[in-house]
$ cat protein-v7.cif   # mmCIF, C-alpha atoms
data_model
loop_
_atom_site.group_PDB
_atom_site.id
_atom_site.type_symbol
_atom_site.label_atom_id
_atom_site.label_comp_id
_atom_site.auth_asym_id
_atom_site.auth_seq_id
_atom_site.Cartn_x
_atom_site.Cartn_y
_atom_site.Cartn_z
ATOM 1 C CA THR O 198 -63.210 -197.426 -54.277
ATOM 2 C CA ARG O 199 -65.248 -194.233 -54.778
ATOM 3 C CA HIS O 200 -68.517 -195.925 -53.802
ATOM 4 C CA GLU O 201 -70.858 -195.374 -50.866
ATOM 5 C CA VAL O 202 -72.973 -197.947 -49.062
ATOM 6 C CA LEU O 203 -76.654 -197.066 -48.608
ATOM 7 C CA LYS O 204 -77.996 -200.128 -46.811
ATOM 8 C CA VAL O 205 -77.301 -203.723 -45.844
ATOM 9 C CA GLU O 206 -79.825 -206.430 -46.692
ATOM 10 C CA PHE O 207 -80.539 -209.274 -44.257
ATOM 11 C CA ASP O 208 -81.871 -212.808 -44.443
ATOM 12 C CA THR O 209 -84.374 -213.048 -41.571
ATOM 13 C CA SER O 210 -85.544 -216.628 -42.221
ATOM 14 C CA GLY O 211 -83.250 -218.134 -39.585
ATOM 15 C CA GLU O 212 -82.981 -217.773 -35.816
ATOM 16 C CA LYS O 213 -80.755 -214.702 -36.168
ATOM 17 C CA PRO O 214 -80.715 -212.116 -38.991
ATOM 18 C CA LYS O 215 -77.769 -212.603 -41.350
ATOM 19 C CA ALA O 216 -76.321 -209.879 -43.578
ATOM 20 C CA THR O 217 -76.363 -211.080 -47.182
ATOM 21 C CA CYS O 218 -76.043 -208.103 -49.536
ATOM 22 C CA VAL O 219 -74.869 -204.498 -49.664
ATOM 23 C CA VAL O 220 -76.693 -201.833 -51.688
ATOM 24 C CA TYR O 221 -74.294 -199.184 -52.974
ATOM 25 C CA ARG O 222 -73.709 -196.583 -55.653
ATOM 26 C CA ALA O 223 -70.876 -194.568 -57.115
ATOM 27 C CA SER O 224 -69.798 -191.750 -54.823
ATOM 28 C CA PRO O 225 -70.856 -188.257 -55.874
ATOM 29 C CA GLY O 226 -68.192 -185.825 -57.025
ATOM 30 C CA GLU O 227 -68.839 -183.778 -53.901
ATOM 31 C CA PHE O 228 -70.290 -185.228 -50.711
ATOM 32 C CA ASP O 229 -73.216 -183.571 -48.944
ATOM 33 C CA ARG O 230 -72.441 -182.293 -45.477
ATOM 34 C CA ILE O 231 -74.592 -183.611 -42.632
ATOM 35 C CA ASP O 232 -77.126 -180.913 -41.831
ATOM 36 C CA SER O 233 -78.875 -182.188 -38.700
ATOM 37 C CA ARG O 234 -81.197 -179.187 -38.427
ATOM 38 C CA ALA O 235 -82.440 -179.687 -41.969
ATOM 39 C CA ASN O 236 -82.716 -183.455 -41.593
ATOM 40 C CA ALA O 237 -84.776 -182.993 -38.435
ATOM 41 C CA GLY O 238 -87.510 -181.417 -40.580
ATOM 42 C CA LEU O 239 -86.651 -177.802 -41.399
ATOM 43 C CA LYS O 240 -86.190 -178.653 -45.081
ATOM 44 C CA THR O 241 -85.942 -181.651 -47.374
ATOM 45 C CA ARG O 242 -83.562 -182.079 -50.279
ATOM 46 C CA PRO O 243 -84.846 -183.488 -53.599
ATOM 47 C CA GLY O 244 -84.769 -187.284 -53.620
ATOM 48 C CA VAL O 245 -84.645 -187.660 -49.844
ATOM 49 C CA GLY O 246 -86.881 -190.449 -48.549
ATOM 50 C CA GLU O 247 -87.456 -192.117 -51.908
ATOM 51 C CA LYS O 248 -87.594 -195.916 -52.057
ATOM 52 C CA LEU O 249 -84.437 -197.545 -53.376
ATOM 53 C CA ASP O 250 -84.807 -199.022 -56.866
ATOM 54 C CA VAL O 251 -81.933 -201.512 -56.990
ATOM 55 C CA GLY O 252 -80.528 -203.297 -60.006
ATOM 56 C CA LYS O 253 -79.486 -206.944 -60.279
ATOM 57 C CA ASP O 254 -76.731 -208.776 -58.436
ATOM 58 C CA ASP O 255 -73.074 -208.809 -59.521
ATOM 59 C CA GLY O 256 -73.034 -205.049 -59.956
ATOM 60 C CA ASP O 257 -75.340 -205.179 -63.001
ATOM 61 C CA ASP O 258 -77.722 -202.340 -62.242
ATOM 62 C CA GLY O 259 -79.732 -202.660 -65.432
ATOM 63 C CA GLY O 260 -79.085 -199.026 -66.241
ATOM 64 C CA LYS O 261 -80.109 -197.880 -62.764
ATOM 65 C CA GLU O 262 -77.925 -195.925 -60.374
ATOM 66 C CA LEU O 263 -77.969 -198.352 -57.434
ATOM 67 C CA LYS O 264 -76.117 -201.676 -57.340
ATOM 68 C CA ARG O 265 -76.034 -204.722 -55.080
ATOM 69 C CA ALA O 266 -73.111 -206.914 -54.005
ATOM 70 C CA CYS O 267 -73.987 -210.198 -52.272
ATOM 71 C CA ILE O 268 -72.186 -213.005 -50.441
ATOM 72 C CA LYS O 269 -71.585 -215.939 -52.794
ATOM 73 C CA GLU O 270 -69.847 -218.505 -50.595
ATOM 74 C CA GLU O 271 -71.148 -220.372 -47.555
ATOM 75 C CA GLY O 272 -69.975 -218.779 -44.325
ATOM 76 C CA GLY O 273 -69.203 -215.416 -45.926
ATOM 77 C CA GLU O 274 -69.646 -212.299 -43.821
ATOM 78 C CA ILE O 275 -70.155 -208.580 -44.321
ATOM 79 C CA PHE O 276 -68.114 -206.157 -42.228
ATOM 80 C CA LEU O 277 -69.588 -202.669 -41.897
ATOM 81 C CA SER O 278 -66.997 -200.019 -41.046
ATOM 82 C CA ALA O 279 -68.372 -196.577 -41.862
ATOM 83 C CA GLY O 280 -67.232 -194.663 -38.787
ATOM 84 C CA ALA O 281 -68.969 -193.623 -35.579
ATOM 85 C CA LEU O 282 -71.522 -191.477 -37.419
ATOM 86 C CA MET O 283 -72.405 -193.321 -40.606
ATOM 87 C CA SER O 284 -72.304 -196.916 -39.321
ATOM 88 C CA PRO O 285 -75.467 -196.471 -37.204
ATOM 89 C CA VAL O 286 -77.063 -194.416 -39.993
ATOM 90 C CA ILE O 287 -76.563 -197.233 -42.515
ATOM 91 C CA LEU O 288 -77.861 -199.823 -40.056
ATOM 92 C CA MET O 289 -80.976 -197.792 -39.246
ATOM 93 C CA ASN O 290 -81.645 -197.504 -42.982
ATOM 94 C CA SER O 291 -81.242 -201.293 -43.135
ATOM 95 C CA GLY O 292 -83.853 -202.107 -40.495
ATOM 96 C CA VAL O 293 -81.512 -202.342 -37.488
ATOM 97 C CA GLY O 294 -81.655 -199.951 -34.531
ATOM 98 C CA PRO O 295 -84.180 -198.389 -32.129
ATOM 99 C CA LYS O 296 -87.619 -199.762 -33.051
ATOM 100 C CA ASP O 297 -89.450 -196.426 -33.004
ATOM 101 C CA VAL O 298 -86.864 -194.845 -35.325
ATOM 102 C CA VAL O 299 -86.426 -197.767 -37.726
ATOM 103 C CA GLU O 300 -90.146 -198.426 -38.224
ATOM 104 C CA LYS O 301 -90.712 -194.830 -39.372
ATOM 105 C CA VAL O 302 -87.891 -195.165 -41.909
ATOM 106 C CA MET O 303 -89.123 -198.531 -43.159
ATOM 107 C CA LYS O 304 -92.682 -197.194 -43.534
ATOM 108 C CA LYS O 305 -91.395 -194.325 -45.673
ATOM 109 C CA LYS O 306 -88.759 -196.172 -47.719
ATOM 110 C CA GLY O 307 -90.031 -199.733 -47.707
ATOM 111 C CA GLY O 308 -88.830 -202.677 -45.625
ATOM 112 C CA LYS O 309 -89.322 -204.032 -42.117
ATOM 113 C CA LEU O 310 -87.671 -204.013 -38.726
ATOM 114 C CA VAL O 311 -84.830 -206.540 -38.739
ATOM 115 C CA LYS O 312 -83.627 -206.165 -35.156
ATOM 116 C CA ASP O 313 -84.525 -203.765 -32.361
ATOM 117 C CA ILE O 314 -81.315 -202.362 -30.788
ATOM 118 C CA PRO O 315 -82.308 -199.363 -28.625
ATOM 119 C CA GLN O 316 -78.676 -198.510 -27.810
ATOM 120 C CA LEU O 317 -77.553 -198.116 -31.436
ATOM 121 C CA GLY O 318 -76.371 -194.560 -32.067
ATOM 122 C CA GLN O 319 -76.266 -193.660 -28.365
ATOM 123 C CA ASN O 320 -73.290 -192.753 -26.140
ATOM 124 C CA LEU O 321 -71.464 -190.779 -28.857
ATOM 125 C CA HIS O 322 -68.008 -189.584 -27.718
ATOM 126 C CA GLU O 323 -67.238 -186.465 -29.744
ATOM 127 C CA ARG O 324 -64.022 -184.695 -28.820
ATOM 128 C CA TRP O 325 -64.249 -180.907 -28.754
ATOM 129 C CA SER O 326 -61.498 -178.303 -28.560
ATOM 130 C CA VAL O 327 -60.860 -174.696 -27.616
ATOM 131 C CA GLN O 328 -58.842 -172.961 -30.325
ATOM 132 C CA PHE O 329 -56.693 -169.866 -30.240
ATOM 133 C CA GLY O 330 -54.878 -168.515 -33.282
ATOM 134 C CA VAL O 331 -51.630 -166.557 -33.269
ATOM 135 C CA PHE O 332 -49.294 -165.510 -36.066
ATOM 136 C CA PHE O 333 -45.566 -165.844 -36.610
ATOM 137 C CA LYS O 334 -43.649 -162.786 -37.745
ATOM 138 C CA LYS O 335 -42.553 -164.734 -40.837
ATOM 139 C CA PRO O 336 -44.292 -167.457 -42.870
ATOM 140 C CA ALA O 337 -43.723 -171.027 -41.711
ATOM 141 C CA PRO O 338 -40.801 -172.429 -43.745
ATOM 142 C CA GLU O 339 -41.522 -174.862 -46.540
ATOM 143 C CA ASN O 340 -39.607 -178.118 -46.778
ATOM 144 C CA PRO O 341 -36.454 -177.148 -48.735
ATOM 145 C CA ALA O 342 -35.925 -180.599 -50.218
ATOM 146 C CA GLY O 343 -39.488 -180.805 -51.452
ATOM 147 C CA GLU O 344 -39.618 -184.506 -50.687
ATOM 148 C CA PHE O 345 -42.093 -184.281 -47.837
ATOM 149 C CA PRO O 346 -44.453 -181.341 -48.367
ATOM 150 C CA VAL O 347 -45.625 -180.350 -44.908
ATOM 151 C CA THR O 348 -49.294 -179.601 -44.416
ATOM 152 C CA ILE O 349 -49.346 -179.450 -40.631
ATOM 153 C CA THR O 350 -46.553 -179.834 -38.114
ATOM 154 C CA SER O 351 -47.735 -180.579 -34.620
ATOM 155 C CA VAL O 352 -46.413 -180.260 -31.084
ATOM 156 C CA ASN O 353 -48.444 -181.678 -28.216
ATOM 157 C CA GLY O 354 -48.174 -181.419 -24.444
ATOM 158 C CA MET O 355 -50.232 -182.739 -21.551
ATOM 159 C CA LYS O 356 -50.238 -181.522 -17.972
ATOM 160 C CA GLN O 357 -51.777 -183.289 -15.000
ATOM 161 C CA LEU O 358 -53.603 -180.933 -12.636
ATOM 162 C CA ARG O 359 -54.373 -181.733 -9.007
ATOM 163 C CA LEU O 360 -56.647 -179.015 -7.671
ATOM 164 C CA SER O 361 -57.460 -180.989 -4.534
ATOM 165 C CA GLU O 362 -55.355 -182.808 -1.936
ATOM 166 C CA ASP O 363 -57.735 -185.752 -2.311
ATOM 167 C CA CYS O 364 -56.541 -186.547 -5.853
ATOM 168 C CA PRO O 365 -54.922 -190.019 -6.030
ATOM 169 C CA GLU O 366 -51.314 -190.281 -7.170
ATOM 170 C CA ASP O 367 -52.336 -191.882 -10.445
ATOM 171 C CA PHE O 368 -55.979 -191.252 -11.365
ATOM 172 C CA GLY O 369 -55.556 -192.406 -14.962
ATOM 173 C CA PHE O 370 -58.587 -191.375 -17.011
ATOM 174 C CA ASN O 371 -60.892 -191.348 -13.988
ATOM 175 C CA THR O 372 -60.880 -187.570 -14.066
ATOM 176 C CA THR O 373 -62.969 -185.132 -12.018
ATOM 177 C CA PRO O 374 -63.195 -181.310 -11.993
ATOM 178 C CA GLU O 375 -60.456 -181.378 -9.307
ATOM 179 C CA CYS O 376 -58.238 -184.127 -10.783
ATOM 180 C CA LEU O 377 -57.766 -183.702 -14.529
ATOM 181 C CA TYR O 378 -55.450 -183.156 -17.480
ATOM 182 C CA VAL O 379 -54.946 -180.132 -19.692
ATOM 183 C CA SER O 380 -53.938 -181.115 -23.223
ATOM 184 C CA VAL O 381 -52.543 -178.485 -25.567
ATOM 185 C CA GLU O 382 -51.510 -178.916 -29.193
ATOM 186 C CA GLU O 383 -49.931 -176.494 -31.659
ATOM 187 C CA GLY O 384 -50.300 -176.841 -35.421
ATOM 188 C CA SER O 385 -48.701 -174.827 -38.209
ATOM 189 C CA GLY O 386 -47.334 -175.377 -41.680
ATOM 190 C CA ALA O 387 -46.668 -174.046 -45.153
ATOM 191 C CA THR O 388 -50.170 -174.863 -46.427
ATOM 192 C CA PHE O 389 -52.178 -174.026 -43.324
ATOM 193 C CA ALA O 390 -54.490 -171.897 -45.470
ATOM 194 C CA GLY O 391 -55.904 -175.035 -47.052
ATOM 195 C CA LEU O 392 -56.874 -176.416 -43.653
ATOM 196 C CA VAL O 393 -58.524 -173.148 -42.592
ATOM 197 C CA VAL O 394 -60.587 -173.011 -45.793
ATOM 198 C CA SER O 395 -61.549 -176.704 -45.912
ATOM 199 C CA THR O 396 -62.722 -176.730 -42.287
ATOM 200 C CA ARG O 397 -64.324 -173.266 -42.659
ATOM 201 C CA ALA O 398 -62.666 -172.321 -39.381
ATOM 202 C CA ALA O 399 -62.649 -168.654 -40.422
ATOM 203 C CA PHE O 400 -66.469 -168.565 -40.543
ATOM 204 C CA PRO O 401 -68.820 -168.539 -37.541
ATOM 205 C CA VAL O 402 -70.365 -171.983 -36.984
ATOM 206 C CA VAL O 403 -73.946 -170.769 -37.491
ATOM 207 C CA ILE O 404 -73.308 -169.709 -41.104
ATOM 208 C CA ARG O 405 -70.915 -172.430 -42.305
ATOM 209 C CA THR O 406 -73.644 -174.320 -44.209
ATOM 210 C CA LEU O 407 -75.150 -171.317 -46.004
ATOM 211 C CA PRO O 408 -74.995 -171.263 -49.839
ATOM 212 C CA GLU O 409 -73.172 -167.927 -49.718
ATOM 213 C CA VAL O 410 -70.438 -169.488 -47.601
ATOM 214 C CA ASP O 411 -70.314 -172.454 -50.012
ATOM 215 C CA PHE O 412 -69.586 -170.032 -52.846
ATOM 216 C CA LEU O 413 -66.980 -168.104 -50.869
ATOM 217 C CA ALA O 414 -65.289 -171.304 -49.660
ATOM 218 C CA ASP O 415 -65.100 -172.647 -53.236
ATOM 219 C CA LEU O 416 -63.573 -169.369 -54.397
ATOM 220 C CA LEU O 417 -61.045 -169.348 -51.559
ATOM 221 C CA THR O 418 -60.138 -172.974 -52.265
ATOM 222 C CA GLU O 419 -59.436 -172.117 -55.895
ATOM 223 C CA CYS O 420 -57.262 -169.210 -54.821
ATOM 224 C CA VAL O 421 -55.387 -171.304 -52.271
ATOM 225 C CA VAL O 422 -54.647 -174.149 -54.671
ATOM 226 C CA GLU O 423 -53.413 -172.407 -57.799
ATOM 227 C CA LYS O 424 -54.626 -168.885 -58.525
ATOM 228 C CA ARG O 425 -53.332 -166.603 -55.800
ATOM 229 C CA ASP O 426 -51.984 -164.077 -58.301
ATOM 230 C CA THR O 427 -55.139 -163.712 -60.383
ATOM 231 C CA LEU O 428 -57.077 -160.455 -60.207
ATOM 232 C CA LEU O 429 -60.025 -162.079 -58.437
ATOM 233 C CA CYS O 430 -57.804 -163.553 -55.724
ATOM 234 C CA VAL O 431 -55.737 -160.421 -55.116
ATOM 235 C CA ILE O 432 -58.325 -159.108 -52.655
ATOM 236 C CA PHE O 433 -57.686 -162.172 -50.484
ATOM 237 C CA ARG O 434 -53.901 -161.783 -50.505
ATOM 238 C CA PRO O 435 -53.751 -160.197 -47.012
ATOM 239 C CA THR O 436 -55.771 -163.140 -45.711
ATOM 240 C CA PHE O 437 -53.392 -165.671 -47.236
ATOM 241 C CA GLU O 438 -50.375 -163.783 -45.938
ATOM 242 C CA CYS O 439 -51.857 -164.185 -42.459
ATOM 243 C CA THR O 440 -52.727 -167.873 -42.859
ATOM 244 C CA ASP O 441 -49.173 -168.562 -44.077
ATOM 245 C CA ARG O 442 -48.016 -167.296 -40.691
ATOM 246 C CA THR O 443 -50.702 -168.974 -38.609
ATOM 247 C CA ALA O 444 -50.099 -171.169 -35.596
ATOM 248 C CA GLY O 445 -53.246 -172.731 -34.199
ATOM 249 C CA TRP O 446 -53.161 -173.575 -30.488
ATOM 250 C CA ILE O 447 -55.752 -176.097 -29.368
ATOM 251 C CA ALA O 448 -56.788 -177.264 -25.901
ATOM 252 C CA PHE O 449 -58.903 -180.407 -25.639
ATOM 253 C CA PRO O 450 -59.920 -183.076 -23.095
ATOM 254 C CA PRO O 451 -58.153 -186.465 -23.238
ATOM 255 C CA VAL O 452 -61.532 -188.110 -22.574
ATOM 256 C CA PRO O 453 -64.690 -185.993 -23.030
ATOM 257 C CA LYS O 454 -67.376 -186.719 -20.449
ATOM 258 C CA SER O 455 -70.285 -185.257 -22.440
ATOM 259 C CA ARG O 456 -72.266 -187.682 -24.581
ATOM 260 C CA GLY O 457 -74.265 -187.237 -27.764
ATOM 261 C CA PHE O 458 -76.165 -189.465 -30.157
ATOM 262 C CA VAL O 459 -76.725 -190.329 -33.819
ATOM 263 C CA THR O 460 -80.149 -191.043 -35.276
ATOM 264 C CA VAL O 461 -82.032 -190.601 -38.562
ATOM 265 C CA SER O 462 -85.151 -188.809 -39.728
ATOM 266 C CA GLU O 463 -88.109 -190.722 -41.155
ATOM 267 C CA ASP O 464 -86.444 -190.160 -44.534
ATOM 268 C CA GLY O 465 -83.325 -191.965 -43.316
ATOM 269 C CA GLU O 466 -81.217 -188.806 -43.280
ATOM 270 C CA PRO O 467 -78.576 -188.530 -40.497
ATOM 271 C CA ILE O 468 -79.161 -186.389 -37.411
ATOM 272 C CA VAL O 469 -76.176 -185.873 -35.109
ATOM 273 C CA LYS O 470 -76.339 -184.340 -31.644
ATOM 274 C CA ALA O 471 -72.798 -183.964 -30.316
ATOM 275 C CA GLY O 472 -73.821 -182.853 -26.829
ATOM 276 C CA TYR O 473 -70.775 -180.656 -26.294
ATOM 277 C CA LEU O 474 -70.195 -179.442 -22.709
ATOM 278 C CA THR O 475 -73.362 -181.086 -21.384
ATOM 279 C CA ASP O 476 -71.983 -183.518 -18.792
ATOM 280 C CA GLU O 477 -73.782 -183.196 -15.466
ATOM 281 C CA GLY O 478 -70.618 -182.614 -13.451
ATOM 282 C CA GLY O 479 -69.497 -179.759 -15.697
ATOM 283 C CA GLU O 480 -66.069 -181.322 -16.131
ATOM 284 C CA ASP O 481 -65.843 -180.616 -19.866
ATOM 285 C CA LEU O 482 -66.640 -176.924 -19.395
ATOM 286 C CA ASN O 483 -64.130 -176.756 -16.541
ATOM 287 C CA THR O 484 -61.494 -178.353 -18.791
ATOM 288 C CA ALA O 485 -62.267 -175.839 -21.562
ATOM 289 C CA VAL O 486 -61.775 -172.885 -19.193
ATOM 290 C CA LEU O 487 -58.543 -174.289 -17.756
ATOM 291 C CA GLY O 488 -57.283 -175.083 -21.256
ATOM 292 C CA LEU O 489 -57.850 -171.524 -22.450
ATOM 293 C CA GLU O 490 -56.270 -170.123 -19.283
ATOM 294 C CA THR O 491 -53.222 -172.308 -19.903
ATOM 295 C CA LEU O 492 -52.939 -171.125 -23.517
ATOM 296 C CA LEU O 493 -53.118 -167.479 -22.473
ATOM 297 C CA ARG O 494 -50.466 -167.965 -19.770
ATOM 298 C CA VAL O 495 -48.124 -169.721 -22.200
ATOM 299 C CA LEU O 496 -48.538 -167.137 -24.953
ATOM 300 C CA GLY O 497 -48.268 -164.259 -22.495
ATOM 301 C CA SER O 498 -45.129 -165.596 -20.816
ATOM 302 C CA GLY O 499 -42.844 -163.496 -23.034
ATOM 303 C CA ARG O 500 -40.922 -166.530 -24.294
ATOM 304 C CA PHE O 501 -42.481 -166.264 -27.748
ATOM 305 C CA ASP O 502 -42.169 -162.507 -28.255
ATOM 306 C CA GLU O 503 -39.351 -162.888 -30.793
ATOM 307 C CA LEU O 504 -41.404 -165.324 -32.872
ATOM 308 C CA LEU O 505 -44.967 -164.058 -32.737
ATOM 309 C CA ASP O 506 -46.500 -160.995 -34.340
ATOM 310 C CA ARG O 507 -47.590 -158.311 -31.891
ATOM 311 C CA ARG O 508 -51.183 -157.163 -31.904
ATOM 312 C CA GLY O 509 -51.731 -153.782 -33.541
ATOM 313 C CA PRO O 510 -53.644 -151.889 -36.275
ATOM 314 C CA GLN O 511 -51.699 -153.662 -39.043
ATOM 315 C CA SER O 512 -51.551 -157.095 -37.440
ATOM 316 C CA CYS O 513 -53.616 -160.144 -38.382
ATOM 317 C CA VAL O 514 -56.862 -160.704 -36.541
ATOM 318 C CA ILE O 515 -56.558 -162.933 -33.492
ATOM 319 C CA TYR O 516 -59.512 -165.251 -33.081
ATOM 320 C CA ILE O 517 -60.845 -167.716 -30.551
#

$ encode --input "protein-v7.cif" --output "structure tokens"
Amino acid sequence: TRHEVLKVEFDTSGEKPKATCVVYRASPGEFDRIDSRANAGLKTRPGVGEKLDVGKDDGDDGGKELKRACIKEEGGEIFLSAGALMSPVILMNSGVGPKDVVEKVMKKKGGKLVKDIPQLGQNLHERWSVQFGVFFKKPAPENPAGEFPVTITSVNGMKQLRLSEDCPEDFGFNTTPECLYVSVEEGSGATFAGLVVSTRAAFPVVIRTLPEVDFLADLLTECVVEKRDTLLCVIFRPTFECTDRTAGWIAFPPVPKSRGFVTVSEDGEPIVKAGYLTDEGGEDLNTAVLGLETLLRVLGSGRFDELLDRRGPQSCVIYI
């Protein structure tokens, strides 16, 4: 629908709060990335924290940017489904969530606490992965018929590891550092370059949100989509020749044990703490090490020598 929800309005006159309206606006041409460090107070974007000036019902915003859609019939309900990250963010901006967080937002933006739910935004399960890139000797073949343009083809395998004699025969997802799974997935395809650029996988994590990287990513995207042969994009041709031959191997836990959280600043801006590799038992870190060891053993087995490019002065850069 190309619209984004900013908050849900509640009727608090009854015994329980009841959602009655949704405040929304047209989606921007380009979405802002969540910058938790900035939202935690290092900087503030223009317009952040301002009170919402909403137009009339029925989508008539009176010339204003924000609109409101409300329940018209008795017994109507509002279903909020904005994902694991944005659902709690929207609720906290609507007066629902941990009291100490919500009251700061309401004081800044206007409104009141609707319902205190201390657990909202907690216990975030964010799956992480260990990645290892290799390169085929030839580009991945495109679909000859052209009917199903392949972006990513995927092969997945899972191995159960019993590092102790005490492991039960079937431990399911009750894993421990001695009784666990190693999951490995391989992805490749004719337009793998687009995935690398859009996810910024080629850039170190600490610089992915810098304006300079924004500019470079936009330029690379333009080159990937339609202008590879232009003079400006020629300098990136060796990079694209490598990405056309890329196979990304990924090891990840079936069920991560580390937990993070989602909250908001007093301006209502999202703050996400993934909590990677922080579980007390160290199982996630152990799984990461075993996953990488498995990848290296598989790739060094010699069974892929005829397919994969050998490392050398003229070869593509191998990254982890």

$ residues_around --input "protein-v7.cif" --residues "Leu504 in chain O" --least-positions-apart "6" --cutoff "9 Å" --atoms "all atoms listed in the file" --output "PyMOL selection string"
chain O and resi 332-335

$ residues_around --input "protein-v7.cif" --residues "Pro295 in chain O" --least-positions-apart "3" --cutoff "12 Å" --atoms "all atoms listed in the file" --output "ChimeraX atom specification"
/O:285-286,288-292,298-302,310-319,459-461

$ residues_around --input "protein-v7.cif" --residues "Asp481 in chain O" --least-positions-apart "4" --cutoff "7 Å" --atoms "only C-alpha atoms" --output "PyMOL selection string"
chain O and resi 453-455+474+476+485

$ atom_distance --input "protein-v7.cif" --atom1 "CA of Thr475 in chain O" --atom2 "CA of Gly457 in chain O"
8.9 Å

$ resolve_selection --input "protein-v7.cif" --expression "the PyMOL selection byres ((chain O and resi 495-497) around 12)" --output "VMD selection string"
chain O and resid 329 to 332 354 381 383 444 to 446 488 to 494 498 to 507

$ axis_aligned_box --input "protein-v7.cif" --around "range 310-326 of chain O" --padding-each-side "6 Å" --output "AutoDock Vina command-line options"
--center_x -74.6 --center_y -192.4 --center_z -32.4 --size_x 38.2 --size_y 40.2 --size_z 24.6
